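Novice: Could you have a look at this structure, given as structure tokens, before my questions?
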Amino acid sequence: MNKPERKPQSRSIGAIPRSITILKFKKINGEFLNDDERKALKNFECYKTKILDSSTNDYELKKNFNHINKLANRHNYQEFLKVKYQI
């Protein structure tokens with residue numbers, strides 16, 4: 001009995017989000033950041049401070065810290081241009 005041929009899943013490099021983490025590396029390396037990228041970084045830093053400062057115990061702090069890191073690594077920086085993240 002012949003098994004159906006599996007097609008390999010393709011993952012294009014273009015699908016990788018331009019995350020806050022990537023923007024931080026660009027800034028550290030002295031690369032140009034456009035206005036939206038700078039604003040997203042600023043919004044992210046303010047949001048991060050607000051969330052971490054709201055932690056009332058070590059468990060909450062660790063949970064919030066992990067959440068912030070996931071946001072910075074996995075989401076496109078444009079997420080942080082939304083109204084809910086604005087200063």
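The way I read the labels, and the way they are meant: chains A, B, ... in the order of the structure tokens, residue 1 as the first residue of every chain, and ligand 1 as the first ligand shown, with later ones counted on from there.
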Identify, on the basis of only C-alpha atoms, every residue whose closest approach to Ile51 of chain A does not exceed 10 Å; exclude the query and any residue fewer than 5 positions from it along the same chain; express the result as a count of residues only.
Specialist: 8
Novice: Write out as a VMD selection string which residues come within 10 Å of Asn69 of chain A when counting only C-alpha atoms, dropping same-chain ones fewer than 6 positions away.
Specialist: chain A and resid 20 to 21 48
Novice: Can you work out the spacing between atom CA of Ser19 of chain A and atom CA of Leu71 of chain A in Å, to one decimal?
Specialist: 8.3 Å
Novice: Which polymer residues have any atom within 10 Å of an atom of segment 32-43 of chain A, counting only C-alpha atoms, with same-chain residues fewer than 3 positions away left out, as a PyMOL selection string?
Specialist: chain A and resi 18-21+23-24+26-27+29+46-49+72+76-87
Novice: Quick one: pull the distance between atom CA of Leu52 of chain A and atom CA of Ile22 of chain A, Å, one decimal.
Specialist: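 Those two atoms sit 21.3 Å apart.
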Novice: May I have all residues of segment 14-69 of chain A that DSSP, computed from the backbone, assigns to helix (DSSP H, G or I), given as a PyMOL selection string?
Specialist: chain A and resi 14-15+20-28+35-53+58-69
